Amino acid sequence: MLRIRPTWQAHARRGAGVIAIGALVATATAAGAGATTVRPLSPGTGPVVATADGAVGGKTAGAMNEFLGIPYAAPPVGPLRWRPPQPPAPWPGVRGATQFAPHCPQPPSPFGVASTSENCLYLSIFAPAGSSGRHLPVMVWVHGGSLLVGESDDYNPAGLVRRGVIVVTVNYRLGALGFLAHPALASQPGGASGNYGLMDQQAALRWVQRNIGRFGGNPRNVTLFGESAGGLSVLAQLASTGARGLFSRAIAESGAYDLTQAPLATAEAAGEAFATTVGCASQTAACLRSLPVTTIVDNEDFGGYTPDIDGTVLTQSIGTALASGQFNRVPVINGTNHDEWRLFVALSQLPPQNGPPVTAANYQAMIASTLGVPAAAAAVIAAQYPLSAYSSPSVALGAVGTDAIFACPALTADQSLSKYVPTYAYEFNDENAPEVSLPPLGFPYGAAHAAEIQYLFSLSNVAYPGVLSPPQQQLAATMKKYWTNVARQGFPSSATGPPWPGFDSTSQRMLSLIPPQPQLESDFAAEHHCAFWAG
């Protein structure tokens, strides 16, 4: 049979990137630029916590205390651009923490607000009111967005916090500023470069280790969780020795799409091409660090970014680390959505790309473009996914992309992880989940990429806010219990849902997240043609 391992860049540059940001981004506009200053508060105006760097004054929202925009690293500007994150400068008095700080530079998109502020390494803490001294479980959220767009302040975790956990949301460097590799940026000749965004995530986790106890959290019980590029980041941190001991559970949502990373030499060659494009033919760090941020953002790869094997943060590909057991061994939830790729089929047809709809006539060409395969291979795939088996050509192409890029790699990750650690696999299967980022099109979105997030968080900055039906609300409540219970005790359980069995390669049992009540499933591999893709 046929085996295909599409990389992020391969299908992104062919017009169907994993988050397909290239279809909808334009020249970045300035938003949130400018340095954030300390905003002193008067005593008694809100909850105040003394961190290792200085006191922060938050606010109370119902039964939740919020501490917003706390710096966990120095602004990565000037000589600190494209360097590992450095500690923040301490401050006197009480720093106001009642507003979100700027998020990292990015172009506008349906998945993030444009920004040109490099002063963006901030985190926010959401804790139950009166949590001081309670040693509560901590959940650190890494947002998605192709490692190109997105911001932490879109995710309100009040529904999780009500279940007795502290949630921390994190900004980290994105795009070229977060993931450009270039030999001139190495700390020493022949040294590593790139992966600055992953370094930021580790710096935030170290900040949590030092400080979260002051907010009532338990630094020995930290769950790292994220979706899409955030889920990939979670898997990358599992594989990174630099993250060892910084978290004790992990949840990766739709993050297994890129288990094979490029070697440093390949990533640095791409960085040298970028330098030439932006006018740094000298290929020097000084030239790159002197570039206007708008020049960097305007010339990024709008298809998205991926980590590289830099030899420091990542010494091997994520998939290799998971398969060999050379990763940070903690309990893991890993999952995917039943119709991931339908979101990207839609993106290719929306402005500004305005691509043609998928038809019987162009179906094989669309497969070839999506996966970056020759016409002969596309014909073999089309025979495995005949149009007669689907309600429309768009839905058929969605199944191809879902299975090849998300579902079967997720199964591979489950099989690897479960050899070494307790692993809990899921498939999100709500075919009527609201689509909050894109407008309606002529085919159903189904359980599309990112559809499950609204069942865990209250979302802001979405173009089409959805309302969950009573059965969907019941599923959302059960999912929150599963997620917070794995954070609390290392395994998911819920009094309102069925027991969630550990995954093993023989039975391949996982949980189908479907309203109103999750169900067990064991036919995931057959449903997604994984034997075909594995060959």
# chains A, B, ... in the order shown; residues from 1 in each chain; ligands from 1
>>> closest_atom_pairs(of="segment 231-293 of chain A", to="segment 405-423 of chain A", cutoff="9 Å", atoms="only C-alpha atoms", output="CSV")
residue,atom,partner,partner_atom,distance
A:Ser254,CA,A:Phe406,CA,6.8
A:Gly255,CA,A:Ala410,CA,7.7
A:Ala256,CA,A:Ala410,CA,5.1
A:Tyr257,CA,A:Phe406,CA,5.0
A:Asp258,CA,A:Ile405,CA,8.0
A:Leu259,CA,A:Pro409,CA,7.5
>>> write_last_selection(atoms="all heavy atoms", output="short mmCIF file (atom, residue, chain, number, x, y, z; two decimals), in the first residue's frame")
data_model
loop_
_atom_site.label_atom_id
_atom_site.label_comp_id
_atom_site.auth_asym_id
_atom_site.auth_seq_id
_atom_site.Cartn_x
_atom_site.Cartn_y
_atom_site.Cartn_z
N SER A 254 -4.96 17.38 18.83
CA SER A 254 -4.70 17.57 17.40
C SER A 254 -3.27 18.05 17.15
O SER A 254 -3.04 18.92 16.30
CB SER A 254 -5.70 18.58 16.80
OG SER A 254 -7.03 18.15 17.01
N GLY A 255 -2.31 17.48 17.84
CA GLY A 255 -0.94 17.95 17.75
C GLY A 255 0.04 17.02 17.06
O GLY A 255 1.21 17.37 16.92
N ALA A 256 -0.41 15.86 16.59
CA ALA A 256 0.52 14.86 16.07
C ALA A 256 0.73 14.97 14.57
O ALA A 256 1.20 14.03 13.94
CB ALA A 256 0.02 13.46 16.41
N TYR A 257 0.42 16.13 13.99
CA TYR A 257 0.49 16.28 12.54
C TYR A 257 1.91 16.38 12.00
O TYR A 257 2.12 16.32 10.79
CB TYR A 257 -0.31 17.51 12.10
CG TYR A 257 0.18 18.80 12.72
CD1 TYR A 257 1.25 19.49 12.19
CD2 TYR A 257 -0.43 19.32 13.85
CE1 TYR A 257 1.70 20.67 12.75
CE2 TYR A 257 0.00 20.48 14.43
CZ TYR A 257 1.08 21.16 13.87
OH TYR A 257 1.52 22.33 14.45
N ASP A 258 2.89 16.56 12.86
CA ASP A 258 4.27 16.76 12.37
C ASP A 258 5.23 16.06 13.33
O ASP A 258 5.88 16.68 14.15
CB ASP A 258 4.59 18.25 12.27
CG ASP A 258 5.95 18.51 11.64
OD1 ASP A 258 6.46 17.60 10.96
OD2 ASP A 258 6.48 19.62 11.80
N LEU A 259 5.33 14.75 13.20
CA LEU A 259 6.17 13.97 14.10
C LEU A 259 7.61 13.87 13.63
O LEU A 259 8.47 13.38 14.37
CB LEU A 259 5.59 12.56 14.28
CG LEU A 259 4.19 12.49 14.90
CD1 LEU A 259 3.72 11.05 14.99
CD2 LEU A 259 4.17 13.14 16.28
#
>>> closest_atom_pairs(of="segment 247-277 of chain A", to="segment 169-189 of chain A", cutoff="10 Å", atoms="only C-alpha atoms", output="JSON lines")
{"residue": "A:Leu264", "atom": "CA", "partner": "A:Ala181", "partner_atom": "CA", "distance": 7.5}
{"residue": "A:Ala265", "atom": "CA", "partner": "A:Pro183", "partner_atom": "CA", "distance": 8.8}
{"residue": "A:Thr266", "atom": "CA", "partner": "A:Ala181", "partner_atom": "CA", "distance": 9.0}
{"residue": "A:Ala267", "atom": "CA", "partner": "A:Ala181", "partner_atom": "CA", "distance": 5.6}
{"residue": "A:Glu268", "atom": "CA", "partner": "A:His182", "partner_atom": "CA", "distance": 4.4}
{"residue": "A:Ala269", "atom": "CA", "partner": "A:His182", "partner_atom": "CA", "distance": 7.3}
{"residue": "A:Ala270", "atom": "CA", "partner": "A:Ala181", "partner_atom": "CA", "distance": 7.6}
{"residue": "A:Gly271", "atom": "CA", "partner": "A:His182", "partner_atom": "CA", "distance": 5.0}
{"residue": "A:Glu272", "atom": "CA", "partner": "A:His182", "partner_atom": "CA", "distance": 6.2}
{"residue": "A:Ala273", "atom": "CA", "partner": "A:His182", "partner_atom": "CA", "distance": 9.5}
{"residue": "A:Phe274", "atom": "CA", "partner": "A:Leu180", "partner_atom": "CA", "distance": 8.6}
{"residue": "A:Ala275", "atom": "CA", "partner": "A:His182", "partner_atom": "CA", "distance": 8.6}
>>> select_by_dssp(residues="segment 11-221 of chain A", states="alpha helix (DSSP H)", output="PyMOL selection string")
chain A and resi 11+158-161+175-179+196-211
>>> closest_residue(among="A:Pro102, A:Gly96, A:Gly217, A:Pro88", to="Ser131 of chain A", atoms="only C-alpha atoms")
A:Gly217
>>> closest_atom_pairs(of="segment 152-243 of chain A", to="segment 72-79 of chain A", cutoff="8 Å", atoms="only C-alpha atoms", output="tab-separated table")
residue	atom	partner	partner_atom	distance
A:Asp200	CA	A:Ala73	CA	8.0
A:Ala203	CA	A:Tyr72	CA	7.1
A:Ala204	CA	A:Tyr72	CA	5.8
A:Trp207	CA	A:Tyr72	CA	6.1
>>> write_last_selection(atoms="all heavy atoms", output="PDB file, in the first residue's frame")
ATOM      1  N   ASP A 200      10.795  29.635  24.991  1.00  0.00           N
ATOM      2  CA  ASP A 200       9.897  30.506  25.762  1.00  0.00           C
ATOM      3  C   ASP A 200       8.931  29.674  26.601  1.00  0.00           C
ATOM      4  O   ASP A 200       8.690  29.978  27.775  1.00  0.00           O
ATOM      5  CB  ASP A 200       9.099  31.408  24.814  1.00  0.00           C
ATOM      6  CG  ASP A 200       9.954  32.424  24.077  1.00  0.00           C
ATOM      7  OD1 ASP A 200      11.098  32.674  24.519  1.00  0.00           O
ATOM      8  OD2 ASP A 200       9.486  32.945  23.051  1.00  0.00           O
ATOM      9  N   ALA A 203      10.692  28.458  29.525  1.00  0.00           N
ATOM     10  CA  ALA A 203      10.918  29.538  30.496  1.00  0.00           C
ATOM     11  C   ALA A 203       9.645  29.808  31.291  1.00  0.00           C
ATOM     12  O   ALA A 203       9.699  30.060  32.508  1.00  0.00           O
ATOM     13  CB  ALA A 203      11.374  30.803  29.774  1.00  0.00           C
ATOM     14  N   ALA A 204       8.495  29.773  30.628  1.00  0.00           N
ATOM     15  CA  ALA A 204       7.231  29.965  31.334  1.00  0.00           C
ATOM     16  C   ALA A 204       6.993  28.838  32.336  1.00  0.00           C
ATOM     17  O   ALA A 204       6.528  29.081  33.461  1.00  0.00           O
ATOM     18  CB  ALA A 204       6.079  30.041  30.332  1.00  0.00           C
ATOM     19  N   TRP A 207       9.095  29.468  35.285  1.00  0.00           N
ATOM     20  CA  TRP A 207       8.486  30.529  36.093  1.00  0.00           C
ATOM     21  C   TRP A 207       7.376  29.928  36.968  1.00  0.00           C
ATOM     22  O   TRP A 207       7.253  30.268  38.146  1.00  0.00           O
ATOM     23  CB  TRP A 207       7.924  31.620  35.187  1.00  0.00           C
ATOM     24  CG  TRP A 207       7.473  32.858  35.908  1.00  0.00           C
ATOM     25  CD1 TRP A 207       8.187  34.006  36.083  1.00  0.00           C
ATOM     26  CD2 TRP A 207       6.217  33.054  36.578  1.00  0.00           C
ATOM     27  NE1 TRP A 207       7.457  34.912  36.811  1.00  0.00           N
ATOM     28  CE2 TRP A 207       6.245  34.354  37.135  1.00  0.00           C
ATOM     29  CE3 TRP A 207       5.089  32.268  36.764  1.00  0.00           C
ATOM     30  CZ2 TRP A 207       5.181  34.881  37.848  1.00  0.00           C
ATOM     31  CZ3 TRP A 207       4.024  32.776  37.494  1.00  0.00           C
ATOM     32  CH2 TRP A 207       4.069  34.079  38.023  1.00  0.00           C
TER      33      TRP A 207
END
>>> closest_residue(among="A:Gly145, A:Pro105, A:Gly57, A:Pro386", to="Val293 of chain A", atoms="only C-alpha atoms")
A:Pro105
>>> residues_around(residues="segment 379-381 of chain A", least_positions_apart="2", cutoff="12 Å", atoms="only C-alpha atoms", output="PyMOL selection string")
chain A and resi 1-4+362-368+370-371+373-377+383-387+396-397+399-401+403-404+529+532-533
>>> select_by_dssp(residues="segment 251-376 of chain A", states="strand (DSSP E or B)", output="PyMOL selection string")
chain A and resi 251-253+262-263+308-309+332-337
>>> write_last_selection(atoms="C-alpha atoms", output="PDB file, in the first residue's frame")
ATOM      1  CA  ILE A 251      -2.597  16.686  26.993  1.00  0.00           C
ATOM      2  CA  ALA A 252      -2.075  17.047  23.228  1.00  0.00           C
ATOM      3  CA  GLU A 253      -5.126  18.001  21.177  1.00  0.00           C
ATOM      4  CA  ALA A 262      13.837  18.916   9.755  1.00  0.00           C
ATOM      5  CA  PRO A 263      17.545  18.672  10.646  1.00  0.00           C
ATOM      6  CA  ASP A 308      13.833  21.811  13.950  1.00  0.00           C
ATOM      7  CA  ILE A 309      16.304  19.298  15.352  1.00  0.00           C
ATOM      8  CA  VAL A 332      -0.648  11.587  28.409  1.00  0.00           C
ATOM      9  CA  ILE A 333      -4.020  12.327  26.831  1.00  0.00           C
ATOM     10  CA  ASN A 334      -3.634  12.419  23.055  1.00  0.00           C
ATOM     11  CA  GLY A 335      -6.457  12.955  20.619  1.00  0.00           C
ATOM     12  CA  THR A 336      -7.760  14.214  17.322  1.00  0.00           C
ATOM     13  CA  ASN A 337     -11.023  15.336  15.719  1.00  0.00           C
TER      14      ASN A 337
END
>>> closest_residue(among="A:Val149, A:Ser505, A:Asp301, A:Asp430", to="Leu468 of chain A", atoms="only C-alpha atoms")
A:Asp430
>>> closest_residue(among="A:Leu441, A:Met64, A:Ala425, A:Val142", to="Glu521 of chain A", atoms="only C-alpha atoms")
A:Ala425
>>> residues_around(residues="Val278 of chain A", least_positions_apart="5", cutoff="12 Å", atoms="only C-alpha atoms", output="PyMOL selection string")
chain A and resi 176+271-273+283+287-300
>>> write_last_selection(atoms="C-alpha atoms", output="JSON list (two decimals), in the first residue's frame")
[["chain", "number", "residue", "atom", "x", "y", "z"],
["A", 176, "ALA", "CA", 10.21, 33.73, 12.09],
["A", 271, "GLY", "CA", 16.88, 30.81, 7.32],
["A", 272, "GLU", "CA", 19.63, 31.94, 4.95],
["A", 273, "ALA", "CA", 17.08, 32.20, 2.15],
["A", 283, "GLN", "CA", 23.93, 36.84, 6.44],
["A", 287, "CYS", "CA", 21.61, 42.74, 10.07],
["A", 288, "LEU", "CA", 18.85, 40.35, 11.11],
["A", 289, "ARG", "CA", 18.50, 41.92, 14.56],
["A", 290, "SER", "CA", 18.29, 45.40, 13.05],
["A", 291, "LEU", "CA", 15.34, 44.56, 10.78],
["A", 292, "PRO", "CA", 12.02, 46.30, 11.46],
["A", 293, "VAL", "CA", 9.57, 43.83, 12.95],
["A", 294, "THR", "CA", 7.12, 44.58, 10.13],
["A", 295, "THR", "CA", 9.71, 43.44, 7.57],
["A", 296, "ILE", "CA", 10.07, 40.13, 9.40],
["A", 297, "VAL", "CA", 6.32, 39.54, 9.71],
["A", 298, "ASP", "CA", 5.61, 40.56, 6.12],
["A", 299, "ASN", "CA", 8.13, 38.02, 4.80],
["A", 300, "GLU", "CA", 7.29, 35.06, 7.03]]
>>> closest_residue(among="A:Phe100, A:Gly242, A:Ala321, A:Gly159", to="Gln473 of chain A", atoms="only C-alpha atoms")
A:Gly159
>>> atom_distance(atom1="atom CA of Tyr455 of chain A", atom2="atom CA of Leu238 of chain A")
24.8 Å
>>> atom_distance(atom1="atom CA of Gln86 of chain A", atom2="atom CA of Leu246 of chain A")
17.4 Å
